[in-house]
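The structure appears below as structure tokens.
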Amino acid sequence: MDEGTLSKLEFDKIRELVASYAFSSLGREKVISLEPSGDLDEVEARLKRVSEMLELLRTGEPPPLEGIRDIRPSLHRCSLEGSVLKPEELRAVREVLGAIYKVRRHIRGRREKCPSLFLLSEGLSPQPELERSIDEAVDPEGRVKDSASPELRRVRRALAAKREALKGEMERLLASLPDSVVQERVVTIRNGRYVIPVKAGGMGRVQGVVHDQSASGATLFVEPLTTLPLQNEVRRLELEERREEERVLAELTDMVREVLPELRSSLEVLGELDALYALASYGLDFGANVPKINREGVTVLISARHPILLERYRRTDGEVVPLDLKFGGNLRLLLITGPNAGGKTVALKTLGLLTLMAQAGLPIPASPDTEIAVYNKIFADIGDEQSLEGDISTFAAHVTRWVRICLEAGEDTLVLLDELGTSTDPDQGAALAMALLDHLLEKGTKVVATTHLGRLKLYAHSREDALNASMEFDRERLAPTFRLKVGLPGASYAYEISERLGLPEDVISKAKGYSAGEEVRAEELIEELEELKKRHEDEAKRLEALRREGERLKADYEGRLRRVKEEAREIKRRALEEAEGTLRRANSLIERTVEELRAQAASPRAVRWAREEVKRARKEVEEELRALSPEPSEDGDVKVGDFVVTSFGGRGVVVGLEDGSGRVIVQVGGARIRLPRSRLKRTESPPPEEPSGVPEVFPCEVSTEVDLRGMTYDEAVDVVDKHIDNAILANLDRLVLIHGKGTGALRRKLREYLKGHPRIKSFRPGNWEEGGDGVTVVEIG
């Protein structure tokens, strides 16, 4: 990627900012060395890893990277034959080994959530034996442990005993000397030997070797001759201890040397993971997201913000106006116009910098629905590069950049041009700019440019592959809004801004007079178009508000209607319950009346009269119940010839209707059954054909309900047996026995009889809508 473009778009600042989130110098170096890639697959792979790491951070499951340390200098020294690592270096190696093991295990446990990170982490090589050996020999503070070897343990024990004996001897000697000889009654060490502080004037009282003296010369540090044998023994043991420590460290260094390639490879992976952690942490901290890569060459920025402005304004509680932009595909030139300080250059830099960041695998501060096109080359001609020492003018600097762009740009190139056509004569500058754009567009290059020149606005308007855009300007406040509007060129508002800044009115009037009539008219037309577009946008907003209000009212009224229907259903339910209660009471009264008539040995005529009254009363109550019942469903509205499915699962055809009763006659196989309409459901499938050769021995009509009210038990049993036989022949699996409630004697005897019937699978009392305890529903097996 062009280094000048990276510099102009301040990509280095982004890398420095992101690198600050890394745990180690390994990760920081990886981030600083990031370069945008033009390979679509590589870019997608980079972003996939960042996306997975970002998800781990968002769910509170980041890999444990805290133990990463840069041990590359130690590994380099270890590679030299005969070198020995220091204890603290070996301890650093141990910490890295621990990080290797923990990070690999952590990511392995989440391989379904982060498959790309899992593949990367497989490059980590744990070394449990080396890790255990270092742990046994070197403590966390970087000291060689007594347990490093049996010989070291023996030497250190002997050394501790000799030191204790030497210290006791020194303290006894100090106690025997007068204050006039001893400067201070303490034992100290000079040049590795135990000494006592003796006054310079009392040296004749102590025989020994002077190892040091104080700065003033008043105190001499003397090793008494009487302690010389003990001192020599301590020194011998210290040298022995050091030799054994060196042997242990050399042995551990050899173990490290054996796995140097694996350690270096693991360090590389840890650095990559640390860099990914830094990228994801930056994304989490700045609300950045991983964009989608658009393989059609179209960039769609949604709520995009310039990352450096975002970082700067975040410190001051400022706000960055988001940028929405669609560019690429058949649209190869976007020309942005508008007033000075209106945000044109920021929009240009935002597009360029976010594209570089995405191609380098960085999350960008934009909506997750943002799409980024990938380019092999990106060139930016932004800013003033004039040089007094090099005798280069601003215009010459621009042309120098144009030369390289013309030579290297192609179809896979994005070119960003700021203030195109300026820094020279406006007419010649515009002509050069149009010729430059012609050259680039003919090569298939994508160009986004900013300008103030009116001729370039007309140029963009005249091309099918180009589009004008402008930075919005609030004419009432005479201030930019920093929002990009695509589809219309923008005015410069030079006169209005100058007037607001205090330029005399007569100067502005003369300036307008000097302006060419066509130029003034073009500016006026732009202003009129902007005003018309603003009115249309306001009207669209008003209509959208009305639409939302209409939807709200519709939802409100639908909710109210639903509640009214629910209330109506509740009222009807209560009415049905009351009707059921009335029916139960009526049935009870009827049964008692019949029992009383029987008990009084009434005449057959009286019994018949009573039964007629019973039927009449029951009919009145049932009519009342039907009046309160819900309207029949569409499925219940059947007619002769319809195919139906019955409530007991049989399929048949309607062959007749019964006037007044609400029942229909259904042919099921070879049987005809009377059923209520509500227990039928229409179907398009005809009933199955009967197997050929089977004689039709079914009764001509079979009812699923058996009315036993008013019968004795013996009479009822005969009727029930007959209906069970008929039902079996008709392939029915369900009967409803209507016996009434009354005293319950008939009900109890019938149910006892049903318990022992070989063809009865089960039976139960009816539900309230079926007649409650006044009926028994029989399942035939």
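Please note that chains go A, B, ... in the order of the structure tokens, that every chain numbers its residues from 1, and that ligands are numbered from 1 in the order shown.
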
Inset, instruction - Fewer than 2 positions away in the same chain doesn't count, so skip those; otherwise give me all residues within 12 Å of Arg58 (chain A), counting only C-alpha atoms, as a PyMOL selection string. - result: chain A and resi 51-56+60-62+277+280-281+283-285+287+289

Export C-alpha atoms of the chosen residues as a short mmCIF file (atom, residue, chain, number, x, y, z; two decimals), in the first residue's frame?
```cif
data_model
loop_
_atom_site.label_atom_id
_atom_site.label_comp_id
_atom_site.auth_asym_id
_atom_site.auth_seq_id
_atom_site.Cartn_x
_atom_site.Cartn_y
_atom_site.Cartn_z
CA SER A 51 -14.85 -10.84 15.21
CA GLU A 52 -14.41 -14.01 17.27
CA MET A 53 -12.08 -12.28 19.74
CA LEU A 54 -14.52 -9.38 20.03
CA GLU A 55 -17.32 -11.83 20.81
CA LEU A 56 -15.20 -13.45 23.55
CA GLY A 60 -16.68 -11.92 29.35
CA GLU A 61 -14.55 -14.85 28.11
CA PRO A 62 -11.23 -13.32 26.95
CA TYR A 277 -6.95 -8.96 21.77
CA ALA A 280 -10.95 -6.35 19.86
CA SER A 281 -10.36 -4.25 23.02
CA GLY A 283 -13.37 -2.13 19.16
CA LEU A 284 -15.12 -2.72 22.48
CA ASP A 285 -13.85 0.55 23.97
CA GLY A 287 -17.99 0.96 19.94
CA ASN A 289 -17.59 -3.25 14.78
#
```

Inset, instruction - Would you mind listing what lies within 10 Å of Ile302 (chain A) as number ranges by chain, with only C-alpha atoms counted and same-chain residues fewer than 3 positions away left out? - result: A: 299, 305, 322-326, 365-371

Keeping only N, CA, C and O atoms, write the selected residues to a file as an mmCIF file, in the first residue's frame.
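Wrote part19.cif, looks like this:
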```
data_model
loop_
_atom_site.group_PDB
_atom_site.id
_atom_site.type_symbol
_atom_site.label_atom_id
_atom_site.label_comp_id
_atom_site.auth_asym_id
_atom_site.auth_seq_id
_atom_site.Cartn_x
_atom_site.Cartn_y
_atom_site.Cartn_z
ATOM 1 N N THR A 299 -18.903 0.045 -1.382
ATOM 2 C CA THR A 299 -18.747 0.434 0.020
ATOM 3 C C THR A 299 -20.030 1.090 0.499
ATOM 4 O O THR A 299 -20.550 1.994 -0.164
ATOM 5 N N ARG A 305 -17.847 6.981 11.735
ATOM 6 C CA ARG A 305 -17.212 8.141 12.361
ATOM 7 C C ARG A 305 -15.704 8.055 12.184
ATOM 8 O O ARG A 305 -15.136 6.961 12.218
ATOM 9 N N PRO A 322 -22.082 11.313 12.471
ATOM 10 C CA PRO A 322 -21.857 10.096 11.674
ATOM 11 C C PRO A 322 -22.029 10.346 10.182
ATOM 12 O O PRO A 322 -22.766 11.234 9.760
ATOM 13 N N LEU A 323 -21.342 9.538 9.395
ATOM 14 C CA LEU A 323 -21.358 9.658 7.941
ATOM 15 C C LEU A 323 -22.050 8.433 7.348
ATOM 16 O O LEU A 323 -21.713 7.298 7.674
ATOM 17 N N ASP A 324 -23.015 8.677 6.472
ATOM 18 C CA ASP A 324 -23.665 7.612 5.696
ATOM 19 C C ASP A 324 -23.307 7.813 4.228
ATOM 20 O O ASP A 324 -23.477 8.912 3.685
ATOM 21 N N LEU A 325 -22.828 6.757 3.591
ATOM 22 C CA LEU A 325 -22.325 6.904 2.221
ATOM 23 C C LEU A 325 -22.365 5.550 1.519
ATOM 24 O O LEU A 325 -22.025 4.526 2.097
ATOM 25 N N LYS A 326 -22.796 5.567 0.250
ATOM 26 C CA LYS A 326 -22.739 4.372 -0.594
ATOM 27 C C LYS A 326 -21.968 4.734 -1.854
ATOM 28 O O LYS A 326 -22.304 5.701 -2.543
ATOM 29 N N PRO A 365 -15.240 2.146 13.591
ATOM 30 C CA PRO A 365 -16.361 2.794 14.292
ATOM 31 C C PRO A 365 -17.509 3.092 13.330
ATOM 32 O O PRO A 365 -17.633 4.186 12.785
ATOM 33 N N ALA A 366 -18.312 2.091 13.090
ATOM 34 C CA ALA A 366 -19.459 2.204 12.180
ATOM 35 C C ALA A 366 -20.443 1.105 12.536
ATOM 36 O O ALA A 366 -20.146 0.211 13.337
ATOM 37 N N SER A 367 -21.633 1.179 11.952
ATOM 38 C CA SER A 367 -22.644 0.145 12.191
ATOM 39 C C SER A 367 -22.134 -1.223 11.741
ATOM 40 O O SER A 367 -21.380 -1.320 10.772
ATOM 41 N N PRO A 368 -22.542 -2.303 12.438
ATOM 42 C CA PRO A 368 -22.125 -3.645 11.997
ATOM 43 C C PRO A 368 -22.648 -4.016 10.617
ATOM 44 O O PRO A 368 -22.164 -4.970 10.016
ATOM 45 N N ASP A 369 -23.629 -3.267 10.094
ATOM 46 C CA ASP A 369 -24.144 -3.523 8.747
ATOM 47 C C ASP A 369 -23.322 -2.833 7.667
ATOM 48 O O ASP A 369 -23.634 -2.950 6.478
ATOM 49 N N THR A 370 -22.292 -2.113 8.066
ATOM 50 C CA THR A 370 -21.420 -1.441 7.106
ATOM 51 C C THR A 370 -20.712 -2.462 6.220
ATOM 52 O O THR A 370 -20.310 -3.523 6.686
ATOM 53 N N GLU A 371 -20.569 -2.119 4.932
ATOM 54 C CA GLU A 371 -19.873 -2.979 3.980
ATOM 55 C C GLU A 371 -18.690 -2.213 3.390
ATOM 56 O O GLU A 371 -18.800 -1.028 3.100
#
```

Legend entry - Nearest-residue call for Thr5 (chain A), choices A:Thr355, A:Asn767, A:Thr451, A:Ser74, using only C-alpha atoms: A:Thr355

Legend entry - Residue contacts of Ala99 (chain A) (8 Å, only C-alpha atoms) excluding same-chain residues fewer than 5 positions away, as a PyMOL selection string: chain A and resi 64-68

For the residues in the current selection, export N, CA and C atoms as a PDB file, in the first residue's frame.
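Result went into result-v4.pdb, see below:
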```
ATOM      1  N   PRO A  64      -6.725 -15.949  28.625  1.00  0.00           N
ATOM      2  CA  PRO A  64      -5.843 -15.450  29.697  1.00  0.00           C
ATOM      3  C   PRO A  64      -4.451 -15.118  29.161  1.00  0.00           C
ATOM      4  N   LEU A  65      -4.291 -13.920  28.630  1.00  0.00           N
ATOM      5  CA  LEU A  65      -3.029 -13.518  27.998  1.00  0.00           C
ATOM      6  C   LEU A  65      -2.106 -12.745  28.936  1.00  0.00           C
ATOM      7  N   GLU A  66      -2.493 -12.602  30.213  1.00  0.00           N
ATOM      8  CA  GLU A  66      -1.728 -11.760  31.130  1.00  0.00           C
ATOM      9  C   GLU A  66      -0.294 -12.247  31.317  1.00  0.00           C
ATOM     10  N   GLY A  67      -0.045 -13.543  31.183  1.00  0.00           N
ATOM     11  CA  GLY A  67       1.292 -14.085  31.432  1.00  0.00           C
ATOM     12  C   GLY A  67       2.253 -13.976  30.274  1.00  0.00           C
ATOM     13  N   ILE A  68       1.856 -13.313  29.200  1.00  0.00           N
ATOM     14  CA  ILE A  68       2.750 -13.215  28.036  1.00  0.00           C
ATOM     15  C   ILE A  68       3.923 -12.277  28.355  1.00  0.00           C
TER      16      ILE A  68
END
```

Legend entry - Distance in Å - CA of Val84 (chain A) versus CA of Thr253 (chain A):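 Calculated distance between CA of Val84 (chain A) and CA of Thr253 (chain A) is 5.8 Å.
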
Legend entry - Residue set, region 155-275 of chain A restricted to alpha helix (DSSP H), as a ChimeraX atom specification: /A:155-176,228-258,260-275

Inset, instruction - Could you tell me, as a list of chain:residue names, which residues of region 714-758 of chain A DSSP assigns to strand (DSSP E) when given the backbone? - result: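 DSSP-assigned strand (DSSP E) residues in region 714-758 of chain A: A:Arg734, A:Leu735, A:Val736, A:Leu737, A:Ile738.
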
Write to file, as a short mmCIF file (atom, residue, chain, number, x, y, z; two decimals), in the first residue's frame, the residues of the selection just made, with all heavy atoms.
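Saved result, again_37.cif, follows:
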```
data_model
loop_
_atom_site.label_atom_id
_atom_site.label_comp_id
_atom_site.auth_asym_id
_atom_site.auth_seq_id
_atom_site.Cartn_x
_atom_site.Cartn_y
_atom_site.Cartn_z
N ARG A 734 -66.98 -45.52 20.37
CA ARG A 734 -67.43 -44.65 21.47
C ARG A 734 -68.95 -44.62 21.50
O ARG A 734 -69.61 -44.49 20.47
CB ARG A 734 -66.89 -43.23 21.25
CG ARG A 734 -67.16 -42.24 22.34
CD ARG A 734 -66.40 -40.95 22.01
NE ARG A 734 -66.58 -39.90 22.98
CZ ARG A 734 -67.53 -38.97 22.93
NH1 ARG A 734 -68.41 -38.98 21.93
NH2 ARG A 734 -67.63 -38.05 23.86
N LEU A 735 -69.54 -44.73 22.72
CA LEU A 735 -70.97 -44.58 22.96
C LEU A 735 -71.18 -43.66 24.14
O LEU A 735 -70.37 -43.61 25.06
CB LEU A 735 -71.63 -45.94 23.26
CG LEU A 735 -71.85 -46.91 22.10
CD1 LEU A 735 -72.45 -48.21 22.63
CD2 LEU A 735 -72.78 -46.31 21.05
N VAL A 736 -72.29 -42.92 24.10
CA VAL A 736 -72.66 -42.07 25.22
C VAL A 736 -73.97 -42.62 25.80
O VAL A 736 -75.01 -42.63 25.12
CB VAL A 736 -72.83 -40.60 24.78
CG1 VAL A 736 -73.27 -39.76 25.97
CG2 VAL A 736 -71.54 -40.08 24.17
N LEU A 737 -73.95 -43.11 27.05
CA LEU A 737 -75.13 -43.65 27.73
C LEU A 737 -75.75 -42.54 28.55
O LEU A 737 -75.12 -41.99 29.46
CB LEU A 737 -74.73 -44.82 28.65
CG LEU A 737 -73.91 -45.95 27.99
CD1 LEU A 737 -73.64 -47.04 29.00
CD2 LEU A 737 -74.62 -46.50 26.77
N ILE A 738 -76.98 -42.16 28.20
CA ILE A 738 -77.69 -41.08 28.92
C ILE A 738 -78.61 -41.74 29.94
O ILE A 738 -79.64 -42.33 29.58
CB ILE A 738 -78.48 -40.20 27.94
CG1 ILE A 738 -77.56 -39.66 26.83
CG2 ILE A 738 -79.15 -39.05 28.68
CD1 ILE A 738 -78.29 -38.95 25.72
#
```

Per-residue nearest contacts region 191-307 of chain A to region 406-412 of chain A, cut-off 12 Å, using only C-alpha atoms, as a Markdown table:
```
| residue | atom | partner | partner_atom | distance |
| --- | --- | --- | --- | --- |
| A:Arg295 | CA | A:Asp412 | CA | 11.8 |
| A:Glu296 | CA | A:Asp412 | CA | 11.5 |
| A:Gly297 | CA | A:Asp412 | CA | 8.8 |
| A:Val298 | CA | A:Asp412 | CA | 11.9 |
```
